[in-house]
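Reproduced below: input_17.pdb, with PDB, C-alpha atoms, pLDDT in the B column.
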MODEL        1
ATOM      1  CA  MET A   1     -67.297 -56.281  -2.806  1.00 67.00           C
ATOM      2  CA  ASN A   2     -68.495 -53.021  -1.317  1.00 86.00           C
ATOM      3  CA  GLY A   3     -69.167 -49.759  -3.123  1.00 90.00           C
ATOM      4  CA  THR A   4     -66.020 -47.935  -1.941  1.00 93.00           C
ATOM      5  CA  ALA A   5     -63.749 -50.586  -3.393  1.00 93.00           C
ATOM      6  CA  ILE A   6     -65.535 -50.471  -6.746  1.00 94.00           C
ATOM      7  CA  ILE A   7     -65.285 -46.660  -6.897  1.00 95.00           C
ATOM      8  CA  LEU A   8     -61.574 -46.780  -5.957  1.00 95.00           C
ATOM      9  CA  MET A   9     -60.908 -49.408  -8.631  1.00 95.00           C
ATOM     10  CA  VAL A  10     -62.697 -47.409 -11.335  1.00 96.00           C
ATOM     11  CA  VAL A  11     -60.812 -44.233 -10.379  1.00 96.00           C
ATOM     12  CA  ALA A  12     -57.459 -46.054 -10.366  1.00 96.00           C
ATOM     13  CA  ALA A  13     -58.207 -47.677 -13.722  1.00 96.00           C
ATOM     14  CA  GLY A  14     -59.197 -44.277 -15.144  1.00 96.00           C
ATOM     15  CA  ILE A  15     -55.919 -42.723 -13.992  1.00 96.00           C
ATOM     16  CA  LEU A  16     -53.888 -45.589 -15.461  1.00 95.00           C
ATOM     17  CA  PHE A  17     -55.727 -45.510 -18.821  1.00 94.00           C
ATOM     18  CA  ARG A  18     -55.304 -41.732 -18.981  1.00 94.00           C
ATOM     19  CA  ALA A  19     -51.556 -42.081 -18.262  1.00 92.00           C
ATOM     20  CA  ALA A  20     -51.162 -44.863 -20.836  1.00 91.00           C
ATOM     21  CA  ALA A  21     -52.798 -42.703 -23.492  1.00 89.00           C
ATOM     22  CA  VAL A  22     -50.142 -39.951 -23.226  1.00 87.00           C
ATOM     23  CA  LEU A  23     -47.096 -42.269 -23.123  1.00 87.00           C
ATOM     24  CA  PRO A  24     -44.672 -41.746 -26.048  1.00 85.00           C
ATOM     25  CA  PRO A  25     -45.176 -44.254 -28.877  1.00 85.00           C
ATOM     26  CA  PHE A  26     -43.042 -47.390 -28.924  1.00 82.00           C
ATOM     27  CA  GLY A  27     -39.614 -46.747 -30.434  1.00 79.00           C
ATOM     28  CA  ASP A  28     -39.968 -42.933 -30.353  1.00 83.00           C
ATOM     29  CA  PRO A  29     -36.386 -41.556 -30.623  1.00 83.00           C
ATOM     30  CA  THR A  30     -37.341 -38.370 -28.742  1.00 84.00           C
ATOM     31  CA  ALA A  31     -38.819 -40.208 -25.750  1.00 84.00           C
ATOM     32  CA  PRO A  32     -37.030 -39.543 -22.432  1.00 81.00           C
ATOM     33  CA  ALA A  33     -35.984 -43.193 -22.215  1.00 78.00           C
ATOM     34  CA  ALA A  34     -34.154 -42.921 -25.556  1.00 81.00           C
ATOM     35  CA  THR A  35     -32.441 -39.571 -24.897  1.00 84.00           C
ATOM     36  CA  HIS A  36     -31.093 -39.971 -21.365  1.00 82.00           C
ATOM     37  CA  VAL A  37     -28.467 -42.750 -21.010  1.00 83.00           C
ATOM     38  CA  SER A  38     -29.097 -44.862 -24.113  1.00 85.00           C
ATOM     39  CA  PRO A  39     -26.991 -42.718 -26.514  1.00 86.00           C
ATOM     40  CA  ARG A  40     -24.025 -42.919 -24.167  1.00 86.00           C
ATOM     41  CA  TYR A  41     -24.306 -46.701 -23.900  1.00 87.00           C
ATOM     42  CA  ILE A  42     -24.536 -47.033 -27.681  1.00 87.00           C
ATOM     43  CA  GLU A  43     -21.662 -44.629 -28.420  1.00 88.00           C
ATOM     44  CA  HIS A  44     -19.201 -45.630 -25.683  1.00 87.00           C
ATOM     45  CA  GLY A  45     -20.343 -49.111 -24.602  1.00 84.00           C
ATOM     46  CA  ALA A  46     -17.876 -51.136 -26.662  1.00 84.00           C
ATOM     47  CA  ASP A  47     -14.910 -48.880 -25.781  1.00 85.00           C
ATOM     48  CA  GLU A  48     -15.664 -48.642 -22.074  1.00 84.00           C
ATOM     49  CA  THR A  49     -16.565 -52.249 -21.304  1.00 84.00           C
ATOM     50  CA  GLY A  50     -14.682 -54.231 -23.948  1.00 82.00           C
ATOM     51  CA  ALA A  51     -17.916 -56.051 -24.803  1.00 83.00           C
ATOM     52  CA  PRO A  52     -19.108 -55.674 -28.427  1.00 85.00           C
ATOM     53  CA  ASN A  53     -22.469 -57.120 -27.390  1.00 86.00           C
ATOM     54  CA  LEU A  54     -24.326 -54.124 -25.972  1.00 87.00           C
ATOM     55  CA  VAL A  55     -26.778 -56.308 -24.080  1.00 87.00           C
ATOM     56  CA  THR A  56     -23.908 -57.852 -22.119  1.00 88.00           C
ATOM     57  CA  ALA A  57     -22.301 -54.442 -21.622  1.00 87.00           C
ATOM     58  CA  VAL A  58     -25.478 -53.072 -20.034  1.00 88.00           C
ATOM     59  CA  LEU A  59     -26.510 -56.236 -18.194  1.00 88.00           C
ATOM     60  CA  ALA A  60     -23.200 -57.192 -16.639  1.00 87.00           C
ATOM     61  CA  ASP A  61     -21.353 -53.889 -16.430  1.00 86.00           C
ATOM     62  CA  TYR A  62     -23.438 -50.695 -16.399  1.00 87.00           C
ATOM     63  CA  ARG A  63     -26.282 -52.457 -14.607  1.00 88.00           C
ATOM     64  CA  GLY A  64     -24.220 -55.063 -12.766  1.00 89.00           C
ATOM     65  CA  TYR A  65     -25.951 -54.333  -9.482  1.00 91.00           C
ATOM     66  CA  ASP A  66     -29.306 -55.195 -11.066  1.00 92.00           C
ATOM     67  CA  THR A  67     -27.912 -58.486 -12.307  1.00 92.00           C
ATOM     68  CA  LEU A  68     -26.558 -59.279  -8.852  1.00 93.00           C
ATOM     69  CA  GLY A  69     -30.091 -58.773  -7.571  1.00 93.00           C
ATOM     70  CA  GLU A  70     -31.500 -61.070 -10.270  1.00 93.00           C
ATOM     71  CA  THR A  71     -29.016 -63.785  -9.380  1.00 94.00           C
ATOM     72  CA  VAL A  72     -29.893 -63.502  -5.713  1.00 94.00           C
ATOM     73  CA  VAL A  73     -33.612 -63.705  -6.605  1.00 94.00           C
ATOM     74  CA  ILE A  74     -33.039 -66.965  -8.508  1.00 94.00           C
ATOM     75  CA  PHE A  75     -30.883 -68.290  -5.683  1.00 93.00           C
ATOM     76  CA  THR A  76     -33.543 -67.393  -3.107  1.00 94.00           C
ATOM     77  CA  ALA A  77     -36.232 -69.066  -5.240  1.00 92.00           C
ATOM     78  CA  GLY A  78     -34.131 -72.248  -5.297  1.00 91.00           C
ATOM     79  CA  LEU A  79     -33.700 -72.137  -1.531  1.00 91.00           C
ATOM     80  CA  ALA A  80     -37.454 -71.621  -1.089  1.00 91.00           C
ATOM     81  CA  CYS A  81     -38.125 -74.659  -3.298  1.00 88.00           C
ATOM     82  CA  LEU A  82     -35.738 -76.710  -1.192  1.00 88.00           C
ATOM     83  CA  LEU A  83     -37.354 -75.540   2.043  1.00 88.00           C
ATOM     84  CA  ILE A  84     -40.943 -76.131   0.877  1.00 87.00           C
ATOM     85  CA  LEU A  85     -40.495 -79.411  -0.999  1.00 84.00           C
ATOM     86  CA  GLY A  86     -37.628 -80.743   1.100  1.00 76.00           C
ATOM     87  CA  ALA A  87     -39.244 -79.927   4.445  1.00 62.00           C
ATOM     88  CA  ARG A  88     -41.758 -82.704   3.890  1.00 58.00           C
ATOM     89  CA  ARG A  89     -38.994 -85.270   4.286  1.00 55.00           C
ATOM     90  CA  VAL A  90     -38.196 -83.962   7.761  1.00 46.00           C
ATOM     91  CA  GLY A  91     -41.305 -85.357   9.369  1.00 45.00           C
ATOM     92  CA  PRO A  92     -42.116 -85.600  13.075  1.00 49.00           C
ATOM     93  CA  GLY A  93     -41.105 -89.259  13.154  1.00 46.00           C
ATOM     94  CA  SER A  94     -37.759 -88.920  11.453  1.00 46.00           C
ATOM     95  CA  GLY A  95     -35.936 -87.266  14.365  1.00 43.00           C
ATOM     96  CA  GLY A  96     -35.329 -84.107  12.361  1.00 44.00           C
ATOM     97  CA  LYS A  97     -33.048 -85.877   9.854  1.00 47.00           C
ATOM     98  CA  PRO A  98     -33.921 -85.658   6.163  1.00 47.00           C
TER      99      PRO A  98
ATOM    100  CA  MET B  99     -27.639-105.656 -20.863  1.00 44.00           C
ATOM    101  CA  LYS B 100     -30.441-103.806 -19.098  1.00 52.00           C
ATOM    102  CA  TRP B 101     -30.966-100.171 -20.052  1.00 58.00           C
ATOM    103  CA  PRO B 102     -31.804 -98.007 -17.018  1.00 62.00           C
ATOM    104  CA  SER B 103     -34.409 -95.973 -18.911  1.00 64.00           C
ATOM    105  CA  GLY B 104     -35.866 -99.078 -20.498  1.00 69.00           C
ATOM    106  CA  SER B 105     -34.913 -97.929 -23.985  1.00 81.00           C
ATOM    107  CA  ALA B 106     -31.622 -98.226 -25.828  1.00 84.00           C
ATOM    108  CA  VAL B 107     -32.624 -95.338 -28.115  1.00 88.00           C
ATOM    109  CA  ILE B 108     -33.089 -92.828 -25.284  1.00 86.00           C
ATOM    110  CA  GLU B 109     -29.900 -94.041 -23.628  1.00 85.00           C
ATOM    111  CA  ALA B 110     -27.801 -93.726 -26.802  1.00 88.00           C
ATOM    112  CA  ALA B 111     -29.329 -90.402 -27.847  1.00 90.00           C
ATOM    113  CA  SER B 112     -28.679 -88.821 -24.458  1.00 89.00           C
ATOM    114  CA  ARG B 113     -25.114 -90.139 -24.467  1.00 88.00           C
ATOM    115  CA  LEU B 114     -24.615 -88.555 -27.867  1.00 92.00           C
ATOM    116  CA  LEU B 115     -26.265 -85.222 -26.999  1.00 92.00           C
ATOM    117  CA  VAL B 116     -24.970 -84.455 -23.517  1.00 92.00           C
ATOM    118  CA  PRO B 117     -21.280 -83.781 -24.372  1.00 93.00           C
ATOM    119  CA  PHE B 118     -22.275 -81.354 -27.115  1.00 95.00           C
ATOM    120  CA  MET B 119     -24.791 -79.662 -24.816  1.00 94.00           C
ATOM    121  CA  LEU B 120     -22.090 -79.165 -22.182  1.00 94.00           C
ATOM    122  CA  LEU B 121     -19.696 -77.796 -24.824  1.00 95.00           C
ATOM    123  CA  PHE B 122     -22.362 -75.439 -26.175  1.00 94.00           C
ATOM    124  CA  ALA B 123     -23.206 -74.294 -22.645  1.00 94.00           C
ATOM    125  CA  THR B 124     -19.556 -73.380 -22.080  1.00 93.00           C
ATOM    126  CA  TYR B 125     -19.520 -71.530 -25.406  1.00 93.00           C
ATOM    127  CA  VAL B 126     -22.673 -69.580 -24.543  1.00 93.00           C
ATOM    128  CA  VAL B 127     -21.212 -68.508 -21.186  1.00 93.00           C
ATOM    129  CA  VAL B 128     -17.764 -67.410 -22.391  1.00 90.00           C
ATOM    130  CA  HIS B 129     -18.959 -65.935 -25.701  1.00 89.00           C
ATOM    131  CA  GLY B 130     -21.618 -63.747 -24.113  1.00 85.00           C
ATOM    132  CA  HIS B 131     -19.421 -60.724 -24.815  1.00 82.00           C
ATOM    133  CA  ASP B 132     -19.705 -61.014 -28.560  1.00 84.00           C
ATOM    134  CA  SER B 133     -22.953 -62.833 -29.247  1.00 85.00           C
ATOM    135  CA  PRO B 134     -26.318 -63.381 -27.592  1.00 85.00           C
ATOM    136  CA  GLY B 135     -25.832 -65.474 -24.494  1.00 83.00           C
ATOM    137  CA  GLY B 136     -24.314 -65.119 -21.080  1.00 85.00           C
ATOM    138  CA  GLY B 137     -24.541 -66.569 -17.627  1.00 88.00           C
ATOM    139  CA  PHE B 138     -28.298 -67.116 -17.354  1.00 92.00           C
ATOM    140  CA  GLN B 139     -28.659 -68.909 -20.682  1.00 93.00           C
ATOM    141  CA  GLY B 140     -25.438 -70.903 -20.292  1.00 94.00           C
ATOM    142  CA  GLY B 141     -26.370 -71.999 -16.785  1.00 94.00           C
ATOM    143  CA  VAL B 142     -29.751 -73.232 -17.996  1.00 95.00           C
ATOM    144  CA  LEU B 143     -28.015 -75.228 -20.753  1.00 95.00           C
ATOM    145  CA  PHE B 144     -25.632 -76.798 -18.231  1.00 93.00           C
ATOM    146  CA  ALA B 145     -28.543 -77.810 -16.026  1.00 94.00           C
ATOM    147  CA  ALA B 146     -30.515 -79.091 -19.043  1.00 94.00           C
ATOM    148  CA  ALA B 147     -27.656 -81.380 -20.083  1.00 93.00           C
ATOM    149  CA  LEU B 148     -27.268 -82.845 -16.594  1.00 91.00           C
ATOM    150  CA  ILE B 149     -31.047 -83.217 -16.114  1.00 90.00           C
ATOM    151  CA  LEU B 150     -31.331 -84.967 -19.514  1.00 90.00           C
ATOM    152  CA  MET B 151     -28.644 -87.424 -18.419  1.00 88.00           C
ATOM    153  CA  LYS B 152     -30.418 -88.080 -15.134  1.00 86.00           C
ATOM    154  CA  LEU B 153     -33.832 -88.423 -16.816  1.00 85.00           C
ATOM    155  CA  ALA B 154     -32.485 -90.911 -19.360  1.00 84.00           C
ATOM    156  CA  SER B 155     -30.349 -93.024 -17.046  1.00 79.00           C
ATOM    157  CA  GLY B 156     -31.973 -92.514 -13.643  1.00 73.00           C
ATOM    158  CA  THR B 157     -29.914 -93.594 -10.657  1.00 69.00           C
ATOM    159  CA  ALA B 158     -27.402 -95.317 -12.962  1.00 69.00           C
ATOM    160  CA  VAL B 159     -25.687 -91.940 -13.517  1.00 70.00           C
ATOM    161  CA  GLU B 160     -22.599 -91.919 -11.369  1.00 70.00           C
ATOM    162  CA  TRP B 161     -21.376 -88.451 -12.259  1.00 73.00           C
ATOM    163  CA  GLY B 162     -22.926 -85.030 -11.969  1.00 72.00           C
ATOM    164  CA  PRO B 163     -23.766 -83.181  -8.767  1.00 77.00           C
ATOM    165  CA  ASP B 164     -25.976 -84.622  -6.035  1.00 80.00           C
ATOM    166  CA  PRO B 165     -28.453 -82.201  -4.341  1.00 82.00           C
ATOM    167  CA  ARG B 166     -25.928 -81.200  -1.714  1.00 85.00           C
ATOM    168  CA  ARG B 167     -23.306 -80.406  -4.348  1.00 88.00           C
ATOM    169  CA  ALA B 168     -25.886 -78.509  -6.435  1.00 89.00           C
ATOM    170  CA  LEU B 169     -26.692 -76.327  -3.408  1.00 90.00           C
ATOM    171  CA  ILE B 170     -22.971 -75.648  -2.945  1.00 92.00           C
ATOM    172  CA  TYR B 171     -22.693 -74.639  -6.639  1.00 92.00           C
ATOM    173  CA  ALA B 172     -25.645 -72.274  -6.292  1.00 92.00           C
ATOM    174  CA  CYS B 173     -24.137 -70.656  -3.188  1.00 93.00           C
ATOM    175  CA  ALA B 174     -20.699 -70.459  -4.817  1.00 94.00           C
ATOM    176  CA  GLY B 175     -22.114 -68.775  -7.919  1.00 93.00           C
ATOM    177  CA  ALA B 176     -23.893 -66.053  -5.958  1.00 93.00           C
ATOM    178  CA  ALA B 177     -20.782 -65.664  -3.764  1.00 94.00           C
ATOM    179  CA  ILE B 178     -18.487 -65.289  -6.815  1.00 93.00           C
ATOM    180  CA  PHE B 179     -20.689 -62.482  -8.147  1.00 93.00           C
ATOM    181  CA  ALA B 180     -20.842 -60.618  -4.834  1.00 92.00           C
ATOM    182  CA  GLY B 181     -17.151 -61.406  -4.192  1.00 92.00           C
ATOM    183  CA  ILE B 182     -16.013 -59.780  -7.439  1.00 91.00           C
ATOM    184  CA  GLY B 183     -18.032 -56.735  -6.398  1.00 90.00           C
ATOM    185  CA  PHE B 184     -16.271 -56.627  -3.035  1.00 90.00           C
ATOM    186  CA  LEU B 185     -12.903 -57.209  -4.741  1.00 90.00           C
ATOM    187  CA  SER B 186     -13.257 -53.958  -6.661  1.00 89.00           C
ATOM    188  CA  LEU B 187     -14.371 -52.289  -3.421  1.00 89.00           C
ATOM    189  CA  LEU B 188     -11.162 -53.585  -1.832  1.00 90.00           C
ATOM    190  CA  PHE B 189      -9.028 -51.860  -4.508  1.00 88.00           C
ATOM    191  CA  SER B 190     -10.763 -48.532  -3.799  1.00 85.00           C
ATOM    192  CA  GLY B 191     -13.181 -48.672  -6.725  1.00 85.00           C
ATOM    193  CA  ASN B 192     -16.965 -48.594  -6.610  1.00 87.00           C
ATOM    194  CA  TYR B 193     -18.903 -51.779  -5.917  1.00 88.00           C
ATOM    195  CA  LEU B 194     -18.820 -53.918  -9.111  1.00 85.00           C
ATOM    196  CA  ASP B 195     -16.466 -51.433 -10.836  1.00 86.00           C
ATOM    197  CA  TYR B 196     -14.255 -54.104 -12.415  1.00 86.00           C
ATOM    198  CA  SER B 197     -11.714 -51.644 -13.839  1.00 84.00           C
ATOM    199  CA  ALA B 198     -10.455 -51.053 -10.277  1.00 84.00           C
ATOM    200  CA  ILE B 199      -9.220 -54.654 -10.017  1.00 84.00           C
ATOM    201  CA  PRO B 200      -5.472 -54.474 -10.785  1.00 85.00           C
ATOM    202  CA  LEU B 201      -5.143 -56.947 -13.635  1.00 84.00           C
ATOM    203  CA  PRO B 202      -2.294 -56.316 -16.121  1.00 85.00           C
ATOM    204  CA  LEU B 203      -4.730 -55.177 -18.832  1.00 83.00           C
ATOM    205  CA  GLU B 204      -6.239 -52.017 -20.239  1.00 83.00           C
ATOM    206  CA  PRO B 205      -9.240 -50.709 -18.256  1.00 81.00           C
ATOM    207  CA  ALA B 206     -11.752 -51.838 -20.913  1.00 83.00           C
ATOM    208  CA  HIS B 207     -10.270 -55.345 -20.947  1.00 86.00           C
ATOM    209  CA  ARG B 208     -10.285 -55.408 -17.153  1.00 88.00           C
ATOM    210  CA  ARG B 209     -13.986 -54.662 -17.294  1.00 88.00           C
ATOM    211  CA  ALA B 210     -14.412 -57.475 -19.843  1.00 88.00           C
ATOM    212  CA  ALA B 211     -12.556 -59.879 -17.536  1.00 88.00           C
ATOM    213  CA  GLY B 212     -14.728 -58.851 -14.600  1.00 89.00           C
ATOM    214  CA  THR B 213     -17.832 -59.336 -16.734  1.00 90.00           C
ATOM    215  CA  LEU B 214     -16.658 -62.849 -17.631  1.00 91.00           C
ATOM    216  CA  GLY B 215     -16.119 -63.556 -13.931  1.00 91.00           C
ATOM    217  CA  ILE B 216     -19.626 -62.565 -12.959  1.00 92.00           C
ATOM    218  CA  GLU B 217     -21.092 -64.450 -15.956  1.00 92.00           C
ATOM    219  CA  ILE B 218     -19.417 -67.607 -14.653  1.00 93.00           C
ATOM    220  CA  GLY B 219     -20.858 -66.891 -11.209  1.00 94.00           C
ATOM    221  CA  VAL B 220     -24.350 -66.403 -12.667  1.00 94.00           C
ATOM    222  CA  ALA B 221     -24.041 -69.628 -14.702  1.00 94.00           C
ATOM    223  CA  LEU B 222     -23.004 -71.611 -11.601  1.00 94.00           C
ATOM    224  CA  ALA B 223     -25.864 -70.167  -9.549  1.00 94.00           C
ATOM    225  CA  VAL B 224     -28.518 -70.785 -12.225  1.00 95.00           C
ATOM    226  CA  ALA B 225     -27.317 -74.328 -12.993  1.00 94.00           C
ATOM    227  CA  GLY B 226     -27.087 -75.146  -9.276  1.00 93.00           C
ATOM    228  CA  VAL B 227     -30.584 -73.842  -8.532  1.00 94.00           C
ATOM    229  CA  LEU B 228     -32.182 -75.705 -11.475  1.00 93.00           C
ATOM    230  CA  LEU B 229     -30.469 -78.970 -10.514  1.00 92.00           C
ATOM    231  CA  LEU B 230     -31.523 -78.421  -6.916  1.00 91.00           C
ATOM    232  CA  VAL B 231     -35.168 -77.939  -7.926  1.00 90.00           C
ATOM    233  CA  PHE B 232     -35.019 -81.056 -10.130  1.00 89.00           C
ATOM    234  CA  GLU B 233     -33.461 -83.194  -7.392  1.00 86.00           C
ATOM    235  CA  THR B 234     -35.933 -81.930  -4.793  1.00 86.00           C
ATOM    236  CA  LEU B 235     -38.866 -82.813  -7.065  1.00 85.00           C
ATOM    237  CA  VAL B 236     -37.375 -86.260  -7.708  1.00 83.00           C
ATOM    238  CA  ALA B 237     -37.009 -86.853  -3.966  1.00 80.00           C
ATOM    239  CA  TRP B 238     -40.642 -85.697  -3.496  1.00 78.00           C
ATOM    240  CA  GLY B 239     -41.780 -88.227  -6.109  1.00 73.00           C
ATOM    241  CA  GLU B 240     -39.822 -91.018  -4.439  1.00 73.00           C
ATOM    242  CA  ASP B 241     -41.520 -90.235  -1.137  1.00 69.00           C
ATOM    243  CA  GLU B 242     -44.922 -90.544  -2.769  1.00 65.00           C
ATOM    244  CA  GLY B 243     -43.888 -94.036  -3.801  1.00 55.00           C
TER     245      GLY B 243
ENDMDL
END

Structure rendered as structure tokens:
Amino acid sequence: MNGTAIILMVVAAGILFRAAAVLPPFGDPTAPAATHVSPRYIEHGADETGAPNLVTAVLADYRGYDTLGETVVIFTAGLACLLILGARRVGPGSGGKP
Amino acid sequence: MKWPSGSAVIEAASRLLVPFMLLFATYVVVHGHDSPGGGFQGGVLFAAALILMKLASGTAVEWGPDPRRALIYACAGAAIFAGIGFLSLLFSGNYLDYSAIPLPLEPAHRRAAGTLGIEIGVALAVAGVLLLVFETLVAWGEDEG
């Protein structure tokens, strides 16, 4: 490893440690993450989505597009498995048939 | 009588467990509104029940999806999810805005119905993918001899 890479790594690590030190503490009710959309989800989630379970309300309704992406990721991983492991059965001598 | 797994205990235990696992998987999927659970967890339970059956009984299992069918389930699950999104687009709502789908219900209940629909899609996709991975690994092992 050359000197430039080491210097870059140390600088990047310093920036990240500095940023981590000024993050709000875990569970801080005044943190931006807890004051932006969370109160609305907690106050109106059950009425708006008909789902008493807030996790489901956020996962499948407010953030449905995210969940669609997750499902597609899992689906793509399955297809990749099939292509990598299944491709072995389609050898040069088998005429392309699995 | 010859037991496919070589053990009557494993055979009997899996026969006893699998129906309850399938029932519990259904419960986890449809009860995700009110309790912890949902499509991902329910789909994994479905796949676990079918994989347990196949592990215990091997090729003697005559039911349950073959790899081709598992791939179709996985595709169908992802397509159901995206399809429900496009359905609400069709009725001039936003993508995945289930309250736009004209069901004879209140808007909140329409959203709940849409959520149930996509949970079923997720469960199908997850169960299909896990079964597919299992079957592919089994086929790999058979090739090795």

Residues of chain B were defined as contacting chain A if any atom lay at most 9 Å from it, counting all atoms listed in the file; please report them as a ChimeraX atom specification.
/B:130-136,138,169,172-173,175-176,179-180,183,193-197,205-214,216-217,219-220,223-224,226-228,230-231,234-235,237-238,241

Can you measure CA of Glu160 (chain B) to CA of Glu240 (chain B) for me? One decimal in Å is fine.
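Atom-to-atom, CA of Glu160 (chain B) and CA of Glu240 (chain B) are spaced 18.6 Å apart.
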
So the first atom is CA of Gly239 (chain B) and the second is CA of Ile149 (chain B); what is the distance between them in Å, to one decimal place?
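Computed distance, CA of Gly239 (chain B) to CA of Ile149 (chain B), equals 15.5 Å.
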
For region 23-32 of chain A, take all atoms listed in the file, fit an axis-aligned box around them, add 5 Å to each of the six sides, then output centre and edge lengths in Å rounded to one decimal, as lines of an AutoDock Vina configuration file.
center_x = -41.7
center_y = -42.9
center_z = -26.5
size_x = 20.7
size_y = 19.0
size_z = 18.2

How many Å separate CA of Pro202 (chain B) from CA of Phe189 (chain B)?
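Here the two named atoms are 14.1 Å from each other.
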